Amino acid sequence: MEPLSRPPGAAGESSGGAGIGNGAAEITVVLAAPGWRAAVKRPEALARQAAMAALREAGAEGAVTVLLADDATVRRLNSDHRSKAKPTNVLSFPGGMPGHLGDIALALGVVRREARQNGRRPADHLAHLVAHGALHLVGHDHLEAGEARRMEQAEARVMRRLGRPNPWKAQGGKEGAAATRARFAP
């Protein structure tokens with residue numbers, strides 16, 4: 001993702017927030033689209049766990065907000081900040097204040113469709129995308145093959161910590177750095 005200037009919280013979504021901190025990291029989850037609860041059991045808890053695991057993997061400290069939104073909200077954010085008038089699976093917004101690593105926004109419909117298309121459970125895909133977004137906030141990227149490979153490896157370790165499948169194992173399609181660049185193209 002390209003760095004974005006305004007966090008999802010600035011877009012007006014504030015209902016359903018819940019935070020957790022461990023002294024080193026504070027994760028706040030905002031449930032802006034209640035449909036997440038029908039798609040994923042306890043989505044707020046899973047998003048917190050995935051973000052926390054990604055920060056631990058990176059050795060990072062700070063606050064992160066995760067916005068569990070609908071496609072329309074993420075489409076608007078994507079249009080406003082990346083000039084792409086379509087929803088995307090995940091957006092990462094770097095923080096602008098000391099101690100605030102940034103914000104992550106996810107689109108429910110896109111996450112569901114991608115999970116179905118790739119033969120994955122929505123919960124596993126949610127965990128992967130939150131980890132992906134959190135790793136972006138601490139400096140990971142996937143524009144070049146080497147950095148994409150490092151990011152994939154970090155994501156796989158996070159998913160293993162969470163007891164979830166490696167999203168980069170072949171499942172009837174592309175895998176590896178080329179798939180990362182294709183799936184998360186800027």
# chains A, B, ... in the order shown; residues from 1 in each chain; ligands from 1
>>> residues_around(residues="A:Ala38", least_positions_apart="2", cutoff="12 Å", atoms="only C-alpha atoms", output="ChimeraX atom specification")
/A:33-36,40-43,108-109,112,122-123
>>> residues_around(residues="stretch 124-141 of chain A", least_positions_apart="4", cutoff="9 Å", atoms="only C-alpha atoms", output="ChimeraX atom specification")
/A:1,3,40,43,46-55,57-58,60,64,66,89-95,101-106,111-112,114-115,120,147-148,150-152,154-156,158-159,162,164-167
>>> write_last_selection(atoms="N, CA and C atoms", output="compact mmCIF listing (two decimals), in the first residue's frame")
# COMPACT_ATOMS: atom_id res chain seq x y z
N MET A 1 0.83 -1.17 0.00
CA MET A 1 0.00 0.00 0.00
C MET A 1 0.88 1.24 0.00
N PRO A 3 1.66 5.00 1.28
CA PRO A 3 1.34 5.72 2.51
C PRO A 3 0.13 6.62 2.29
N VAL A 40 -17.22 -13.85 10.51
CA VAL A 40 -16.09 -14.31 11.33
C VAL A 40 -16.51 -14.31 12.79
N PRO A 43 -14.72 -11.22 15.40
CA PRO A 43 -13.75 -10.56 14.52
C PRO A 43 -12.87 -9.53 15.23
N LEU A 46 -10.05 -11.42 16.99
CA LEU A 46 -9.11 -11.95 16.00
C LEU A 46 -8.25 -10.84 15.41
N ALA A 47 -8.86 -9.71 15.10
CA ALA A 47 -8.09 -8.58 14.54
C ALA A 47 -7.05 -8.09 15.55
N ARG A 48 -7.43 -7.99 16.83
CA ARG A 48 -6.47 -7.58 17.87
C ARG A 48 -5.31 -8.57 17.96
N GLN A 49 -5.64 -9.86 17.99
CA GLN A 49 -4.60 -10.89 18.09
C GLN A 49 -3.64 -10.83 16.90
N ALA A 50 -4.18 -10.67 15.70
CA ALA A 50 -3.34 -10.64 14.50
C ALA A 50 -2.44 -9.40 14.49
N ALA A 51 -2.99 -8.26 14.85
CA ALA A 51 -2.17 -7.04 14.89
C ALA A 51 -1.08 -7.16 15.94
N MET A 52 -1.44 -7.66 17.11
CA MET A 52 -0.46 -7.83 18.19
C MET A 52 0.65 -8.80 17.77
N ALA A 53 0.28 -9.90 17.15
CA ALA A 53 1.28 -10.88 16.71
C ALA A 53 2.21 -10.28 15.66
N ALA A 54 1.67 -9.47 14.75
CA ALA A 54 2.51 -8.84 13.73
C ALA A 54 3.48 -7.84 14.36
N LEU A 55 3.01 -7.08 15.34
CA LEU A 55 3.90 -6.13 16.02
C LEU A 55 4.99 -6.86 16.79
N GLU A 57 6.20 -9.80 16.01
CA GLU A 57 7.10 -10.31 14.97
C GLU A 57 8.10 -9.25 14.54
N ALA A 58 7.64 -8.02 14.44
CA ALA A 58 8.49 -6.92 13.98
C ALA A 58 9.26 -6.27 15.12
N ALA A 60 7.98 -4.27 17.27
CA ALA A 60 7.49 -2.89 17.27
C ALA A 60 6.59 -2.61 18.47
N VAL A 64 -2.15 0.96 17.30
CA VAL A 64 -2.70 0.67 15.98
C VAL A 64 -4.22 0.61 16.12
N VAL A 66 -7.61 -0.71 14.04
CA VAL A 66 -8.09 -1.55 12.94
C VAL A 66 -9.56 -1.23 12.72
N ASN A 89 -8.92 -4.93 -0.40
CA ASN A 89 -9.02 -5.77 0.79
C ASN A 89 -8.54 -5.05 2.05
N VAL A 90 -7.37 -4.40 1.98
CA VAL A 90 -6.80 -3.76 3.16
C VAL A 90 -6.06 -2.49 2.76
N LEU A 91 -6.19 -1.47 3.60
CA LEU A 91 -5.44 -0.23 3.45
C LEU A 91 -4.68 0.02 4.75
N SER A 92 -3.48 0.53 4.64
CA SER A 92 -2.68 0.89 5.81
C SER A 92 -2.40 2.39 5.77
N PHE A 93 -2.63 3.05 6.89
CA PHE A 93 -2.42 4.49 7.01
C PHE A 93 -1.36 4.74 8.08
N PRO A 94 -0.16 5.15 7.72
CA PRO A 94 0.87 5.41 8.72
C PRO A 94 0.41 6.46 9.73
N GLY A 95 0.82 6.29 10.98
CA GLY A 95 0.45 7.22 12.03
C GLY A 95 1.19 8.54 11.89
N LEU A 101 1.41 4.03 15.55
CA LEU A 101 1.97 3.42 14.34
C LEU A 101 1.09 3.66 13.13
N GLY A 102 -0.22 3.67 13.33
CA GLY A 102 -1.12 3.93 12.22
C GLY A 102 -2.41 3.15 12.31
N ASP A 103 -3.13 3.14 11.20
CA ASP A 103 -4.46 2.55 11.12
C ASP A 103 -4.54 1.59 9.94
N ILE A 104 -5.40 0.62 10.09
CA ILE A 104 -5.62 -0.40 9.06
C ILE A 104 -7.13 -0.45 8.82
N ALA A 105 -7.54 -0.48 7.55
CA ALA A 105 -8.96 -0.59 7.21
C ALA A 105 -9.15 -1.81 6.32
N LEU A 106 -10.19 -2.60 6.62
CA LEU A 106 -10.50 -3.79 5.83
C LEU A 106 -11.94 -3.73 5.33
N VAL A 111 -13.00 -9.05 1.47
CA VAL A 111 -12.36 -10.12 2.25
C VAL A 111 -13.14 -11.42 2.07
N ARG A 112 -14.45 -11.36 2.13
CA ARG A 112 -15.28 -12.57 1.93
C ARG A 112 -15.07 -13.16 0.54
N GLU A 114 -12.55 -12.76 -1.61
CA GLU A 114 -11.20 -13.31 -1.78
C GLU A 114 -11.04 -14.63 -1.05
N ALA A 115 -11.58 -14.71 0.15
CA ALA A 115 -11.49 -15.96 0.91
C ALA A 115 -12.16 -17.09 0.14
N ARG A 120 -10.17 -20.25 1.25
CA ARG A 120 -9.73 -19.98 2.62
C ARG A 120 -10.94 -19.62 3.49
N GLU A 147 11.91 -7.78 -1.02
CA GLU A 147 11.13 -7.29 0.11
C GLU A 147 9.80 -8.02 0.19
N ALA A 148 9.22 -8.41 -0.94
CA ALA A 148 7.98 -9.19 -0.92
C ALA A 148 8.22 -10.54 -0.24
N ARG A 150 10.51 -11.26 2.03
CA ARG A 150 10.68 -11.03 3.47
C ARG A 150 9.33 -10.78 4.15
N MET A 151 8.48 -10.04 3.48
CA MET A 151 7.16 -9.75 4.05
C MET A 151 6.33 -11.03 4.13
N GLU A 152 6.35 -11.84 3.08
CA GLU A 152 5.63 -13.12 3.10
C GLU A 152 6.11 -14.00 4.24
N ALA A 154 7.49 -13.07 7.05
CA ALA A 154 7.00 -12.50 8.31
C ALA A 154 5.52 -12.82 8.50
N GLU A 155 4.73 -12.70 7.44
CA GLU A 155 3.30 -13.03 7.53
C GLU A 155 3.10 -14.50 7.88
N ALA A 156 3.88 -15.37 7.28
CA ALA A 156 3.76 -16.80 7.56
C ALA A 156 4.09 -17.08 9.03
N VAL A 158 3.73 -14.97 11.55
CA VAL A 158 2.61 -14.43 12.33
C VAL A 158 1.45 -15.42 12.30
N MET A 159 1.12 -15.93 11.14
CA MET A 159 0.01 -16.87 11.03
C MET A 159 0.28 -18.14 11.82
N LEU A 162 -0.43 -17.59 15.36
CA LEU A 162 -1.87 -17.55 15.59
C LEU A 162 -2.53 -18.92 15.41
N ARG A 164 -2.81 -20.51 12.54
CA ARG A 164 -3.58 -20.43 11.30
C ARG A 164 -2.70 -20.84 10.12
N PRO A 165 -3.30 -21.24 9.00
CA PRO A 165 -2.52 -21.72 7.86
C PRO A 165 -1.68 -20.62 7.21
N ASN A 166 -0.56 -21.05 6.65
CA ASN A 166 0.32 -20.15 5.90
C ASN A 166 -0.42 -19.71 4.64
N PRO A 167 -0.66 -18.41 4.47
CA PRO A 167 -1.40 -17.95 3.30
C PRO A 167 -0.63 -18.07 2.00
>>> select_by_dssp(residues="stretch 40-155 of chain A", states="helix (DSSP H, G or I)", output="MDAnalysis selection string")
chainID A and resid 43:58 71:82 108:117 122:137 145:155
>>> select_by_dssp(residues="stretch 1-175 of chain A", states="strand (DSSP E or B)", output="NGL selection string")
:A and (17-21 or 25-31 or 62-69 or 90-94 or 100-107)
>>> write_last_selection(atoms="N, CA and C atoms", output="CSV table (one decimal), in the first residue's frame")
chain,number,residue,atom,x,y,z
A,17,GLY,N,-15.9,0.2,19.2
A,17,GLY,CA,-14.4,0.2,19.4
A,17,GLY,C,-14.1,-0.6,20.6
A,18,ALA,N,-13.0,-1.3,20.6
A,18,ALA,CA,-12.4,-2.0,21.7
A,18,ALA,C,-10.9,-2.0,21.6
A,19,GLY,N,-10.3,-1.8,22.7
A,19,GLY,CA,-8.8,-1.8,22.7
A,19,GLY,C,-8.2,-2.8,23.6
A,20,ILE,N,-6.9,-3.1,23.4
A,20,ILE,CA,-6.2,-4.0,24.2
A,20,ILE,C,-4.8,-3.5,24.2
A,21,GLY,N,-4.1,-3.6,25.3
A,21,GLY,CA,-2.7,-3.1,25.3
A,21,GLY,C,-1.9,-4.1,26.1
A,25,ALA,N,2.3,-2.3,23.1
A,25,ALA,CA,1.4,-2.1,22.0
A,25,ALA,C,0.0,-1.9,22.4
A,26,GLU,N,-0.8,-1.1,21.8
A,26,GLU,CA,-2.2,-0.9,22.1
A,26,GLU,C,-3.0,-1.0,20.8
A,27,ILE,N,-3.9,-2.0,20.7
A,27,ILE,CA,-4.6,-2.3,19.5
A,27,ILE,C,-6.1,-1.9,19.8
A,28,THR,N,-6.6,-1.0,19.0
A,28,THR,CA,-8.1,-0.7,19.1
A,28,THR,C,-8.7,-1.2,17.8
A,29,VAL,N,-9.9,-1.8,18.0
A,29,VAL,CA,-10.6,-2.3,16.8
A,29,VAL,C,-12.0,-1.6,16.8
A,30,VAL,N,-12.3,-1.1,15.6
A,30,VAL,CA,-13.5,-0.4,15.4
A,30,VAL,C,-14.4,-1.2,14.4
A,31,LEU,N,-15.5,-1.7,14.9
A,31,LEU,CA,-16.4,-2.5,14.1
A,31,LEU,C,-17.5,-1.5,13.5
A,62,GLY,N,3.7,0.5,19.9
A,62,GLY,CA,2.9,1.6,19.6
A,62,GLY,C,1.4,1.3,19.4
A,63,ALA,N,0.7,2.3,19.1
A,63,ALA,CA,-0.8,2.1,18.9
A,63,ALA,C,-1.2,1.8,17.5
A,64,VAL,N,-2.1,1.0,17.3
A,64,VAL,CA,-2.7,0.7,16.0
A,64,VAL,C,-4.2,0.6,16.1
A,65,THR,N,-4.9,1.2,15.2
A,65,THR,CA,-6.4,1.1,15.1
A,65,THR,C,-6.7,0.2,13.9
A,66,VAL,N,-7.6,-0.7,14.0
A,66,VAL,CA,-8.1,-1.6,12.9
A,66,VAL,C,-9.6,-1.2,12.7
A,67,LEU,N,-9.9,-0.8,11.5
A,67,LEU,CA,-11.3,-0.5,11.1
A,67,LEU,C,-11.8,-1.7,10.3
A,68,LEU,N,-12.9,-2.4,10.9
A,68,LEU,CA,-13.5,-3.4,10.2
A,68,LEU,C,-14.8,-2.8,9.5
A,69,ALA,N,-14.6,-2.5,8.2
A,69,ALA,CA,-15.6,-1.7,7.5
A,69,ALA,C,-16.3,-2.5,6.4
A,90,VAL,N,-7.4,-4.4,2.0
A,90,VAL,CA,-6.8,-3.8,3.2
A,90,VAL,C,-6.1,-2.5,2.8
A,91,LEU,N,-6.2,-1.5,3.6
A,91,LEU,CA,-5.4,-0.2,3.5
A,91,LEU,C,-4.7,0.0,4.7
A,92,SER,N,-3.5,0.5,4.6
A,92,SER,CA,-2.7,0.9,5.8
A,92,SER,C,-2.4,2.4,5.8
A,93,PHE,N,-2.6,3.1,6.9
A,93,PHE,CA,-2.4,4.5,7.0
A,93,PHE,C,-1.4,4.7,8.1
A,94,PRO,N,-0.2,5.1,7.7
A,94,PRO,CA,0.9,5.4,8.7
A,94,PRO,C,0.4,6.5,9.7
A,100,HIS,N,1.9,6.4,17.8
A,100,HIS,CA,0.8,5.9,17.0
A,100,HIS,C,1.4,5.4,15.7
A,101,LEU,N,1.4,4.0,15.6
A,101,LEU,CA,2.0,3.4,14.3
A,101,LEU,C,1.1,3.7,13.1
A,102,GLY,N,-0.2,3.7,13.3
A,102,GLY,CA,-1.1,3.9,12.2
A,102,GLY,C,-2.4,3.2,12.3
A,103,ASP,N,-3.1,3.1,11.2
A,103,ASP,CA,-4.5,2.6,11.1
A,103,ASP,C,-4.5,1.6,9.9
A,104,ILE,N,-5.4,0.6,10.1
A,104,ILE,CA,-5.6,-0.4,9.1
A,104,ILE,C,-7.1,-0.4,8.8
A,105,ALA,N,-7.5,-0.5,7.6
A,105,ALA,CA,-9.0,-0.6,7.2
A,105,ALA,C,-9.2,-1.8,6.3
A,106,LEU,N,-10.2,-2.6,6.6
A,106,LEU,CA,-10.5,-3.8,5.8
A,106,LEU,C,-11.9,-3.7,5.3
A,107,ALA,N,-12.2,-4.2,4.1
A,107,ALA,CA,-13.5,-4.2,3.5
A,107,ALA,C,-14.1,-5.6,3.5
